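Some notes on the structure that comes next.
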Amino acid sequence: MDRTLYNTYVKLLAFDLLSLAQTPSRSSSDPISFSRHGKPLSRVEILGIVASRDYKPNKFLKFIIDDGTGCVSCILWLNQRTSPYFSRRSPPDVRLIADMADHFASLIRIGNVARVRGRITSYRGMVQITVSDVVIERDPNVEILHLLQCIKLARNCYDFTSPCK
């Protein structure tokens with residue numbers, strides 16, 4: 001299986017992200033895997049307008065990104081200070097990660113144009129993004145440029161077996 005895109009942040013439109021093939025894992029400890037035309041993907045970058053926001057302090061921020069082709073659910077975890085996973089790390093690392101997550105949460109406001117990067121995950125059978133990075137875009141041309149880049153990358157890289165042109 002071609003894994004050239006597996007750990008790469010692949011730029012996708014919401015329509016493409018929501019239509020990824022999901023393969024259940026063989027064990028409960030393995031995550032669900034996602035693929036596009038047989039190519040496995042694990043990370044994604046999308047861009048769109050923040051359409052909704054559900055904030056639970058010190059737990060999570062769930063928000064929806066709408067890029068005009070569909071709506072994608074995103075989850076930003078804010079429980080780094082209390083999570084057993086992060087307790088195994090050194091305190092400076094946990095503080096840094098928690099501060100970054102809090103900063104990202106403060107940027108996400110309804111109506112903002114946001115570029116979101118993260119892991120492709122599934123919740124209750126629906127594709128979502130577990131957020132690792134957020135940038136608020138201010139350039140009015142960024143949405144159309146992202147759309148054009150996604151189309152070009154899909155044609156030249158994601159849908160063919162040949163390398164990117």
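So you can find residues: chains in the structure tokens are A, B, ... in the order shown, residues in each start at 1, and ligands are numbered from 1 in order.
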* Name the residues in contact with Asp67 of chain A at a cut-off of 7 Å, using only C-alpha atoms, excluding same-chain residues fewer than 4 positions from it; report them as a VMD selection string. => chain A and resid 14 47 to 49 71
Residues from the last selection, all heavy atoms, saved as a PDB file, in the first residue's frame:
```
ATOM      1  N   ALA A  14     -13.717  20.126   2.254  1.00  0.00           N
ATOM      2  CA  ALA A  14     -14.586  19.399   3.174  1.00  0.00           C
ATOM      3  C   ALA A  14     -15.278  18.233   2.477  1.00  0.00           C
ATOM      4  O   ALA A  14     -15.385  17.138   3.027  1.00  0.00           O
ATOM      5  CB  ALA A  14     -15.616  20.344   3.788  1.00  0.00           C
ATOM      6  N   LEU A  47      -9.512  24.753   5.258  1.00  0.00           N
ATOM      7  CA  LEU A  47      -9.665  26.183   5.478  1.00  0.00           C
ATOM      8  C   LEU A  47     -11.120  26.542   5.219  1.00  0.00           C
ATOM      9  O   LEU A  47     -11.712  26.080   4.250  1.00  0.00           O
ATOM     10  CB  LEU A  47      -8.756  26.957   4.516  1.00  0.00           C
ATOM     11  CG  LEU A  47      -8.796  28.454   4.699  1.00  0.00           C
ATOM     12  CD1 LEU A  47      -7.395  29.012   4.771  1.00  0.00           C
ATOM     13  CD2 LEU A  47      -9.565  29.124   3.590  1.00  0.00           C
ATOM     14  N   GLY A  48     -11.691  27.331   6.102  1.00  0.00           N
ATOM     15  CA  GLY A  48     -13.071  27.757   5.912  1.00  0.00           C
ATOM     16  C   GLY A  48     -13.519  28.680   7.034  1.00  0.00           C
ATOM     17  O   GLY A  48     -12.721  29.096   7.878  1.00  0.00           O
ATOM     18  N   ILE A  49     -14.801  28.957   7.039  1.00  0.00           N
ATOM     19  CA  ILE A  49     -15.385  29.863   8.026  1.00  0.00           C
ATOM     20  C   ILE A  49     -15.832  29.064   9.236  1.00  0.00           C
ATOM     21  O   ILE A  49     -16.446  28.005   9.103  1.00  0.00           O
ATOM     22  CB  ILE A  49     -16.573  30.618   7.411  1.00  0.00           C
ATOM     23  CG1 ILE A  49     -16.072  31.503   6.266  1.00  0.00           C
ATOM     24  CG2 ILE A  49     -17.311  31.456   8.460  1.00  0.00           C
ATOM     25  CD1 ILE A  49     -17.172  32.153   5.460  1.00  0.00           C
ATOM     26  N   CYS A  71     -19.312  20.855   5.653  1.00  0.00           N
ATOM     27  CA  CYS A  71     -18.957  21.281   7.010  1.00  0.00           C
ATOM     28  C   CYS A  71     -18.210  20.152   7.708  1.00  0.00           C
ATOM     29  O   CYS A  71     -18.657  19.004   7.685  1.00  0.00           O
ATOM     30  CB  CYS A  71     -20.205  21.632   7.802  1.00  0.00           C
ATOM     31  SG  CYS A  71     -21.091  23.051   7.149  1.00  0.00           S
TER      32      CYS A  71
END
```
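Between atom CA of Arg109 of chain A and atom CA of Asp133 of chain A the interatomic distance comes to 15.0 Å.
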* Asked: A:Val127, A:Gly68, A:Lys39, A:Phe60: which is nearest Ser19 of chain A, counting only C-alpha atoms?
  -> A:Val127
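Here atom CA of Leu12 of chain A and atom CA of Glu45 of chain A stand 6.4 Å from one another.
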What are the DSSP alpha helix (DSSP H) residues of segment 10-79 of chain A, as a PDB file with N, CA, C and O atoms, in the first residue's frame?
```
ATOM      1  N   ALA A  14     -13.717  20.126   2.254  1.00  0.00           N
ATOM      2  CA  ALA A  14     -14.586  19.399   3.174  1.00  0.00           C
ATOM      3  C   ALA A  14     -15.278  18.233   2.477  1.00  0.00           C
ATOM      4  O   ALA A  14     -15.385  17.138   3.027  1.00  0.00           O
ATOM      5  N   PHE A  15     -15.733  18.451   1.250  1.00  0.00           N
ATOM      6  CA  PHE A  15     -16.398  17.395   0.491  1.00  0.00           C
ATOM      7  C   PHE A  15     -15.506  16.163   0.381  1.00  0.00           C
ATOM      8  O   PHE A  15     -15.957  15.033   0.579  1.00  0.00           O
ATOM      9  N   ASP A  16     -14.231  16.371   0.045  1.00  0.00           N
ATOM     10  CA  ASP A  16     -13.295  15.255  -0.089  1.00  0.00           C
ATOM     11  C   ASP A  16     -13.002  14.598   1.253  1.00  0.00           C
ATOM     12  O   ASP A  16     -12.916  13.377   1.356  1.00  0.00           O
ATOM     13  N   LEU A  17     -12.843  15.419   2.282  1.00  0.00           N
ATOM     14  CA  LEU A  17     -12.555  14.882   3.613  1.00  0.00           C
ATOM     15  C   LEU A  17     -13.704  14.013   4.117  1.00  0.00           C
ATOM     16  O   LEU A  17     -13.495  12.920   4.643  1.00  0.00           O
ATOM     17  N   LEU A  18     -14.920  14.481   3.918  1.00  0.00           N
ATOM     18  CA  LEU A  18     -16.081  13.752   4.406  1.00  0.00           C
ATOM     19  C   LEU A  18     -16.359  12.483   3.602  1.00  0.00           C
ATOM     20  O   LEU A  18     -17.096  11.611   4.057  1.00  0.00           O
TER      21      LEU A  18
END
```
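Nearest to Gly70 of chain A of all the residues A:Asp54, A:Thr121, A:Leu13, A:Asp99 is A:Leu13, based on only C-alpha atoms.
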* To do: Would you mind writing down, as a ChimeraX atom specification, each residue of segment 4-144 of chain A that DSSP on the backbone assigns to strand (DSSP E)?
  => /A:9-11,21-23,33-36,39-41,43-56,60-66,71-77,113-123,126-137
Written selection (C-alpha atoms) as a tab-separated table (two decimals), in the first residue's frame:
```
chain	number	residue	atom	x	y	z
A	9	TYR	CA	-0.79	17.39	6.04
A	10	VAL	CA	-2.91	16.87	2.93
A	11	LYS	CA	-4.92	19.90	1.78
A	21	ALA	CA	-13.03	5.65	3.03
A	22	GLN	CA	-12.89	4.48	6.65
A	23	THR	CA	-11.42	1.11	7.53
A	33	SER	CA	-7.64	4.32	9.13
A	34	PHE	CA	-8.71	6.63	6.32
A	35	SER	CA	-7.90	6.53	2.63
A	36	ARG	CA	-8.56	8.40	-0.59
A	39	LYS	CA	-3.92	6.02	-0.50
A	40	PRO	CA	-3.86	6.08	3.31
A	41	LEU	CA	-4.12	9.51	4.95
A	43	ARG	CA	-3.35	14.28	8.63
A	44	VAL	CA	-5.25	17.06	6.91
A	45	GLU	CA	-5.35	20.81	6.40
A	46	ILE	CA	-8.65	22.56	5.69
A	47	LEU	CA	-9.67	26.18	5.48
A	48	GLY	CA	-13.07	27.76	5.91
A	49	ILE	CA	-15.39	29.86	8.03
A	50	VAL	CA	-16.01	28.94	11.65
A	51	ALA	CA	-19.74	28.18	11.58
A	52	SER	CA	-20.31	27.01	15.16
A	53	ARG	CA	-18.45	26.82	18.45
A	54	ASP	CA	-19.06	24.64	21.54
A	55	TYR	CA	-16.64	25.50	24.37
A	56	LYS	CA	-16.25	23.41	27.52
A	60	PHE	CA	-12.51	20.80	24.76
A	61	LEU	CA	-13.55	23.23	22.07
A	62	LYS	CA	-15.64	21.68	19.32
A	63	PHE	CA	-16.22	23.80	16.24
A	64	ILE	CA	-17.39	23.44	12.65
A	65	ILE	CA	-15.48	24.68	9.60
A	66	ASP	CA	-17.54	25.42	6.48
A	71	CYS	CA	-18.96	21.28	7.01
A	72	VAL	CA	-16.25	19.52	9.02
A	73	SER	CA	-16.34	18.99	12.75
A	74	CYS	CA	-13.10	19.85	14.58
A	75	ILE	CA	-12.15	19.07	18.19
A	76	LEU	CA	-9.45	20.92	20.11
A	77	TRP	CA	-8.64	19.20	23.41
A	113	VAL	CA	-11.71	32.29	8.43
A	114	ALA	CA	-9.52	29.59	9.96
A	115	ARG	CA	-6.85	27.28	8.58
A	116	VAL	CA	-6.94	24.08	10.62
A	117	ARG	CA	-4.39	21.27	10.67
A	118	GLY	CA	-4.79	18.02	12.53
A	119	ARG	CA	-5.25	14.27	12.60
A	120	ILE	CA	-8.15	12.71	10.76
A	121	THR	CA	-10.27	10.90	13.34
A	122	SER	CA	-13.76	9.52	13.66
A	123	TYR	CA	-16.42	10.15	16.28
A	126	MET	CA	-18.35	10.68	11.34
A	127	VAL	CA	-15.04	12.07	10.14
A	128	GLN	CA	-13.62	14.86	12.27
A	129	ILE	CA	-10.31	16.63	12.78
A	130	THR	CA	-8.43	16.44	16.07
A	131	VAL	CA	-6.79	19.86	15.92
A	132	SER	CA	-3.06	20.37	16.27
A	133	ASP	CA	-2.74	23.87	14.78
A	134	VAL	CA	-5.01	26.85	13.97
A	135	VAL	CA	-4.27	30.02	12.03
A	136	ILE	CA	-6.79	32.81	11.54
A	137	GLU	CA	-6.53	34.15	7.99
```
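Atom CA of Pro140 of chain A to atom CA of Gly111 of chain A spans 13.1 Å [interatomic distance, one decimal].
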